[in-house]
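What's in model-v4.pdb: PDB, C-alpha atoms
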ATOM      1  CA  MET F 158     126.224 127.180  22.659
ATOM      2  CA  LYS F 159     128.228 124.490  24.408
ATOM      3  CA  LYS F 160     131.935 124.470  23.649
ATOM      4  CA  LEU F 161     133.670 121.209  23.120
ATOM      5  CA  GLY F 162     136.917 120.543  24.908
ATOM      6  CA  LYS F 163     140.215 120.837  23.155
ATOM      7  CA  GLY F 164     140.909 117.761  21.022
ATOM      8  CA  ASP F 165     143.985 115.626  21.399
ATOM      9  CA  LYS F 166     146.899 115.345  19.006
ATOM     10  CA  LEU F 167     145.435 112.196  17.434
ATOM     11  CA  ASP F 168     142.305 113.963  16.136
ATOM     12  CA  LYS F 169     144.028 114.955  12.893
ATOM     13  CA  TYR F 170     145.027 111.329  12.314
ATOM     14  CA  ARG F 171     141.499 110.127  13.070
ATOM     15  CA  SER F 172     140.168 112.703  10.618
ATOM     16  CA  HIS F 173     142.613 111.473   7.988
ATOM     17  CA  LEU F 174     141.697 107.814   8.533
ATOM     18  CA  MET F 175     137.942 108.349   8.745
ATOM     19  CA  ASP F 176     137.292 111.217   6.345
ATOM     20  CA  GLY F 177     140.465 111.482   4.254
ATOM     21  CA  GLY F 178     141.600 114.701   5.925
ATOM     22  CA  ASP F 179     144.901 116.178   4.788
ATOM     23  CA  LEU F 180     148.119 115.602   6.703
ATOM     24  CA  LYS F 181     151.483 117.314   6.375
ATOM     25  CA  SER F 182     154.486 115.222   5.326
ATOM     26  CA  ASP F 183     155.849 114.970   8.890
ATOM     27  CA  GLU F 184     152.381 113.900  10.104
ATOM     28  CA  LEU F 185     152.252 111.226   7.393
ATOM     29  CA  GLU F 186     155.612 109.950   8.635
ATOM     30  CA  MET F 187     154.259 109.782  12.187
ATOM     31  CA  LEU F 188     151.147 107.954  10.955
ATOM     32  CA  ALA F 189     153.441 105.418   9.286
ATOM     33  CA  LYS F 190     155.137 104.855  12.668
ATOM     34  CA  TYR F 191     151.748 104.375  14.340
ATOM     35  CA  ARG F 192     150.791 101.879  11.638
ATOM     36  CA  LYS F 193     154.077 100.022  12.056
ATOM     37  CA  ALA F 194     153.588  99.763  15.822
ATOM     38  CA  HIS F 195     149.996  98.603  15.391
ATOM     39  CA  GLY F 196     150.985  96.088  12.721
ATOM     40  CA  LEU F 197     153.631  94.567  14.983
ATOM     41  CA  LEU F 198     151.133  94.323  17.824
ATOM     42  CA  CYS F 199     148.702  92.582  15.454
ATOM     43  CA  LEU F 200     151.409  90.074  14.536
ATOM     44  CA  GLY F 201     151.587  89.070  18.187
ATOM     45  CA  PHE F 202     154.684  91.014  19.187
ATOM     46  CA  GLY F 203     154.785  92.077  22.838
ATOM     47  CA  ARG F 204     155.144  95.759  23.651
ATOM     48  CA  ASN F 205     158.824  95.357  24.494
ATOM     49  CA  GLN F 206     159.433  93.626  21.152
ATOM     50  CA  VAL F 207     157.603  96.429  19.358
ATOM     51  CA  LEU F 208     159.701  99.025  21.174
ATOM     52  CA  ALA F 209     162.942  97.211  20.254
ATOM     53  CA  THR F 210     161.897  96.882  16.599
ATOM     54  CA  LEU F 211     160.895 100.533  16.349
ATOM     55  CA  GLU F 212     164.123 101.590  18.067
ATOM     56  CA  LYS F 213     166.217  99.762  15.452
ATOM     57  CA  GLU F 214     164.223 101.171  12.569
ATOM     58  CA  TYR F 215     163.703 104.780  13.630
ATOM     59  CA  GLU F 216     166.523 105.473  16.151
ATOM     60  CA  LEU F 217     164.270 107.413  18.525
ATOM     61  CA  SER F 218     164.536 107.965  22.267
ATOM     62  CA  GLN F 219     162.737 105.659  24.709
ATOM     63  CA  PRO F 220     160.087 108.251  25.632
ATOM     64  CA  GLN F 221     159.324 108.836  21.947
ATOM     65  CA  LEU F 222     159.038 105.087  21.321
ATOM     66  CA  TYR F 223     156.710 104.620  24.287
ATOM     67  CA  ALA F 224     154.589 107.529  23.037
ATOM     68  CA  ILE F 225     154.325 105.975  19.562
ATOM     69  CA  VAL F 226     153.158 102.631  20.956
ATOM     70  CA  ARG F 227     150.754 104.293  23.395
ATOM     71  CA  ASP F 228     149.323 106.570  20.702
ATOM     72  CA  SER F 229     148.980 103.745  18.185
ATOM     73  CA  ILE F 230     146.891 101.855  20.751
ATOM     74  CA  LYS F 231     144.756 104.964  21.301
ATOM     75  CA  LEU F 232     144.385 105.442  17.553
ATOM     76  CA  TYR F 233     143.714 101.880  16.422
ATOM     77  CA  GLY F 234     142.581 100.190  19.638
ATOM     78  CA  SER F 235     144.193  97.675  21.936
ATOM     79  CA  ILE F 236     144.836  94.244  20.473
ATOM     80  CA  GLU F 237     144.480  92.684  23.936
ATOM     81  CA  GLU F 238     140.891  93.917  24.102
ATOM     82  CA  VAL F 239     139.867  92.563  20.708
ATOM     83  CA  ASP F 240     137.160  89.945  20.870
ATOM     84  CA  LYS F 241     138.028  86.258  20.702
ATOM     85  CA  LYS F 242     137.053  85.972  17.068
ATOM     86  CA  GLY F 243     139.486  88.716  16.067
ATOM     87  CA  GLN F 244     142.288  87.178  18.098
ATOM     88  CA  ARG F 245     141.517  83.806  16.554
ATOM     89  CA  VAL F 246     141.855  85.271  13.055
ATOM     90  CA  ILE F 247     145.166  86.929  13.918
ATOM     91  CA  SER F 248     146.536  83.704  15.430
ATOM     92  CA  HIS F 249     145.289  81.698  12.447
ATOM     93  CA  GLU F 250     147.107  83.990  10.032
ATOM     94  CA  ASN F 251     150.272  83.762  12.127
ATOM     95  CA  TYR F 252     150.143  79.948  12.099
ATOM     96  CA  LYS F 253     149.652  79.963   8.335
ATOM     97  CA  LEU F 254     152.658  82.268   7.950
ATOM     98  CA  LEU F 255     154.789  80.062  10.200
ATOM     99  CA  GLY F 256     153.653  76.971   8.302
ATOM    100  CA  ASN F 257     154.668  78.535   4.999
ATOM    101  CA  LEU F 258     158.055  79.549   6.395
ATOM    102  CA  ALA F 259     158.638  76.045   7.784
ATOM    103  CA  ARG F 260     157.671  74.456   4.454
ATOM    104  CA  LYS F 261     159.984  76.866   2.626
ATOM    105  CA  ASN F 262     162.821  75.864   4.966
ATOM    106  CA  GLY F 263     162.095  72.170   4.438
ATOM    107  CA  ASP F 264     160.774  71.489   7.949
ATOM    108  CA  ILE F 265     157.646  69.568   6.981
ATOM    109  CA  GLY F 266     156.946  68.477  10.585
ATOM    110  CA  ALA F 267     156.791  72.074  11.787
ATOM    111  CA  ALA F 268     154.664  73.019   8.765
ATOM    112  CA  ILE F 269     152.177  70.248   9.580
ATOM    113  CA  ARG F 270     152.006  71.275  13.254
ATOM    114  CA  ALA F 271     151.413  74.916  12.287
ATOM    115  CA  GLN F 272     148.663  73.884   9.854
ATOM    116  CA  GLU F 273     147.033  71.680  12.513
ATOM    117  CA  ASN F 274     147.084  74.550  15.004
ATOM    118  CA  ALA F 275     145.563  76.882  12.410
ATOM    119  CA  ASP F 276     142.842  74.321  11.677
ATOM    120  CA  LYS F 277     142.112  73.868  15.397
ATOM    121  CA  LEU F 278     141.583  77.609  15.749
ATOM    122  CA  LEU F 279     138.968  77.453  13.002
ATOM    123  CA  GLY F 280     137.297  74.486  14.717
ATOM    124  CA  LEU F 281     137.869  72.135  11.798
ATOM    125  CA  PHE F 282     138.465  69.175  14.132
ATOM    126  CA  GLU F 283     135.220  69.658  16.062
ATOM    127  CA  ALA F 284     132.235  67.480  15.313
ATOM    128  CA  GLU F 285     129.538  69.083  13.209
ATOM    129  CA  LYS F 286     126.568  70.270  15.199
ATOM    130  CA  THR F 287     123.348  68.537  14.298
ATOM    131  CA  VAL F 288     120.436  70.584  13.094
ATOM    132  CA  LEU F 289     117.850  68.107  14.381
ATOM    133  CA  ASP F 290     116.335  68.866  17.738
ATOM    134  CA  PRO F 291     115.969  65.624  19.714
ATOM    135  CA  LYS F 292     113.089  67.147  21.681
ATOM    136  CA  ALA F 293     111.024  67.215  18.486
ATOM    137  CA  PHE F 294     110.892  63.410  18.571
ATOM    138  CA  LEU F 295     109.500  63.380  22.108
ATOM    139  CA  ILE F 296     106.297  65.226  21.224
ATOM    140  CA  PRO F 297     103.371  62.774  21.305
ATOM    141  CA  VAL F 298     101.455  62.641  18.047
ATOM    142  CA  PRO F 299      97.976  61.108  18.011
ATOM    143  CA  MET F 300      97.731  58.254  15.526
ATOM    144  CA  ASP F 301      94.786  56.177  14.384
ATOM    145  CA  PHE F 302      95.453  52.724  13.005
ATOM    146  CA  SER F 303      93.159  50.739  10.781
ATOM    147  CA  THR F 304      93.379  47.446   8.913
ATOM    148  CA  ASP F 305      90.165  48.087   6.952
ATOM    149  CA  PRO F 306      91.074  48.213   3.201
ATOM    150  CA  ALA F 307      88.382  50.836   2.464
ATOM    151  CA  VAL F 308      89.871  53.226   5.035
ATOM    152  CA  LEU F 309      93.364  52.668   3.668
ATOM    153  CA  ARG F 310      92.213  53.401   0.064
ATOM    154  CA  GLU F 311      90.539  56.580   1.281
ATOM    155  CA  GLN F 312      93.766  57.642   3.042
ATOM    156  CA  GLU F 313      95.765  57.218  -0.166
ATOM    157  CA  MET F 314      93.437  59.568  -2.030
ATOM    158  CA  THR F 315      93.449  62.416   0.495
ATOM    159  CA  GLU F 316      96.154  65.010   0.950
ATOM    160  CA  ASP F 317      97.460  66.054   4.331
ATOM    161  CA  THR F 318      97.307  69.837   4.379
ATOM    162  CA  ASP F 319      96.760  70.679   8.006
ATOM    163  CA  PHE F 320      99.782  70.631  10.250
ATOM    164  CA  GLU F 321     100.921  72.240  13.438
ATOM    165  CA  ASP F 322     104.371  73.800  13.631
ATOM    166  CA  VAL F 323     105.794  72.920  17.039
ATOM    167  CA  SER F 324     109.389  73.957  16.383
ATOM    168  CA  ASP F 325     109.054  77.096  18.546
ATOM    169  CA  GLU F 326     107.438  75.307  21.467
ATOM    170  CA  ALA F 327     109.624  73.869  24.179
TER     171      ALA F 327
END

Please lay out the structure from this file as structure tokens.
Amino acid sequence: MKKLGKGDKLDKYRSHLMDGGDLKSDELEMLAKYRKAHGLLCLGFGRNQVLATLEKEYELSQPQLYAIVRDSIKLYGSIEEVDKKGQRVISHENYKLLGNLARKNGDIGAAIRAQENADKLLGLFEAEKTVLDPKAFLIPVPMDFSTDPAVLREQEMTEDTDFEDVSDEA
């Protein structure tokens, strides 16, 4: 039987988040601090801003504050490493929040700029991509022409049922 290595101090928090494991009251308080740090990072705060905010709120020592930020990144993941789509969503939400605050404060110009930036992140100003493939029009199709009325009447009465799908060919 292979023994697993000793887990780290975040395993109990992972268990709580993933499986609903029980935490003591002091562990729930620490989890709240991790969530606060992660939430601030998600809002676009830099690490130094997060440290300053946590310091004002919790009155902890610098090493404790650094440990909370470091552990929240270990627990929830690094915001800097999130894919572009995730970062785009976070930035979009921040622009919407700033736009609402500017509108509330009567600064319509700033609200419009924030809304435009949010819309740019979603690609609303980009041209729509066409679904037609221009190469499909370059494929030569054999055609027979006739001016004989009997042939034309016969063509009107027949149904075209055979076709060749060339959409997958390049």

With a cut-off of 8 Å, could you pull out the residues of segment 176-260 of chain F touching segment 269-284 of chain F and give me the nearest pair of atoms for each, distance in Å to one decimal, using only C-alpha atoms, ordered by chain and ascending number, as a Markdown table?
| residue | atom | partner | partner_atom | distance |
| --- | --- | --- | --- | --- |
| F:Arg245 | CA | F:Leu278 | CA | 6.2 |
| F:Ser248 | CA | F:Ala275 | CA | 7.5 |
| F:His249 | CA | F:Ala275 | CA | 4.8 |
| F:Glu250 | CA | F:Ala275 | CA | 7.7 |
| F:Tyr252 | CA | F:Ala271 | CA | 5.2 |
| F:Lys253 | CA | F:Gln272 | CA | 6.3 |
| F:Leu255 | CA | F:Ala271 | CA | 6.5 |
| F:Gly256 | CA | F:Ala271 | CA | 5.0 |

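Among F:Leu198, F:Leu211, F:Met300, F:Leu222, the residue with the shortest atom-to-atom distance to Ser235 of chain F, counting only C-alpha atoms, is F:Leu198.
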
Running the PyMOL selection byres ((chain F and resi 296) around 12) on this model by hand, what would come out? Give it as a PDB file with C-alpha atoms, in the frame of the given file.
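Okay, out.pdb is ready:
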ATOM      1  CA  ASP F 290     116.335  68.866  17.738  1.00  0.00           C
ATOM      2  CA  PRO F 291     115.969  65.624  19.714  1.00  0.00           C
ATOM      3  CA  LYS F 292     113.089  67.147  21.681  1.00  0.00           C
ATOM      4  CA  ALA F 293     111.024  67.215  18.486  1.00  0.00           C
ATOM      5  CA  PHE F 294     110.892  63.410  18.571  1.00  0.00           C
ATOM      6  CA  LEU F 295     109.500  63.380  22.108  1.00  0.00           C
ATOM      7  CA  PRO F 297     103.371  62.774  21.305  1.00  0.00           C
ATOM      8  CA  VAL F 298     101.455  62.641  18.047  1.00  0.00           C
ATOM      9  CA  PRO F 299      97.976  61.108  18.011  1.00  0.00           C
ATOM     10  CA  GLU F 321     100.921  72.240  13.438  1.00  0.00           C
ATOM     11  CA  ASP F 322     104.371  73.800  13.631  1.00  0.00           C
ATOM     12  CA  VAL F 323     105.794  72.920  17.039  1.00  0.00           C
ATOM     13  CA  SER F 324     109.389  73.957  16.383  1.00  0.00           C
ATOM     14  CA  GLU F 326     107.438  75.307  21.467  1.00  0.00           C
ATOM     15  CA  ALA F 327     109.624  73.869  24.179  1.00  0.00           C
TER      16      ALA F 327
END

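The space between atom CA of Ala194 of chain F and atom CA of Ala259 of chain F spans 25.5 Å.
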
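Counting from atom CA of Gln244 of chain F, the distance to atom CA of Gly263 of chain F is 28.4 Å.
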
- Just how far from atom CA of Gln206 of chain F is atom CA of Asp168 of chain F, in Å to one decimal? 27.1 Å

Which protein, DNA or RNA residues are at most 7 Å from (155.3, 99.7, 24.0) in the file's coordinates when you count all atoms listed in the file, listed as a PDB file with C-alpha atoms, in the frame of the given file?
ATOM      1  CA  ARG F 204     155.144  95.759  23.651  1.00  0.00           C
ATOM      2  CA  ASN F 205     158.824  95.357  24.494  1.00  0.00           C
ATOM      3  CA  VAL F 207     157.603  96.429  19.358  1.00  0.00           C
ATOM      4  CA  LEU F 208     159.701  99.025  21.174  1.00  0.00           C
ATOM      5  CA  TYR F 223     156.710 104.620  24.287  1.00  0.00           C
ATOM      6  CA  VAL F 226     153.158 102.631  20.956  1.00  0.00           C
ATOM      7  CA  ARG F 227     150.754 104.293  23.395  1.00  0.00           C
TER       8      ARG F 227
END

- Task: Would you kindly translate the PyMOL selection byres ((chain F and resi 190) around 9) into the concrete residues it picks from this file, as a PyMOL selection string?
- Result: chain F and resi 185-189+191-195+211+215+225-226+229

- Message: Considering all atoms listed in the file, can you say which of F:Gly201, F:Ser218, F:Leu309, F:Lys169 comes closest to Val246 of chain F?
- Response: F:Gly201

- Skipping near chain neighbours, those fewer than 5 positions away, what residues fall within 12 Å of Asp165 of chain F using all atoms listed in the file, listed as a ChimeraX atom specification? /F:170-172,228,231-232

Got a minute to add N, CA and C atoms to segment 288-299 of chain F and dump it as a short mmCIF file (atom, residue, chain, number, x, y, z; two decimals), in the frame of the given file?
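Final output, rebuild.cif:
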data_model
loop_
_atom_site.label_atom_id
_atom_site.label_comp_id
_atom_site.auth_asym_id
_atom_site.auth_seq_id
_atom_site.Cartn_x
_atom_site.Cartn_y
_atom_site.Cartn_z
N VAL F 288 121.50 69.61 13.21
CA VAL F 288 120.44 70.58 13.09
C VAL F 288 119.11 70.02 13.59
N LEU F 289 119.07 68.72 13.87
CA LEU F 289 117.85 68.11 14.38
C LEU F 289 117.75 68.34 15.88
N ASP F 290 116.58 68.68 16.32
CA ASP F 290 116.34 68.87 17.74
C ASP F 290 115.76 67.57 18.30
N PRO F 291 116.47 66.89 19.19
CA PRO F 291 115.97 65.62 19.71
C PRO F 291 114.63 65.76 20.45
N LYS F 292 114.35 66.94 20.97
CA LYS F 292 113.09 67.15 21.68
C LYS F 292 111.89 67.03 20.73
N ALA F 293 112.12 67.29 19.46
CA ALA F 293 111.02 67.22 18.49
C ALA F 293 110.48 65.79 18.37
N PHE F 294 111.33 64.80 18.66
CA PHE F 294 110.89 63.41 18.57
C PHE F 294 110.14 62.96 19.81
N LEU F 295 110.17 63.74 20.87
CA LEU F 295 109.50 63.38 22.11
C LEU F 295 108.06 63.88 22.17
N ILE F 296 107.65 64.67 21.22
CA ILE F 296 106.30 65.23 21.22
C ILE F 296 105.31 64.13 20.81
N PRO F 297 104.33 63.83 21.66
CA PRO F 297 103.37 62.77 21.30
C PRO F 297 102.47 63.23 20.16
N VAL F 298 102.29 62.36 19.21
CA VAL F 298 101.46 62.64 18.05
C VAL F 298 100.32 61.61 18.04
N PRO F 299 99.08 62.08 18.03
CA PRO F 299 97.98 61.11 18.01
C PRO F 299 97.92 60.38 16.66
#
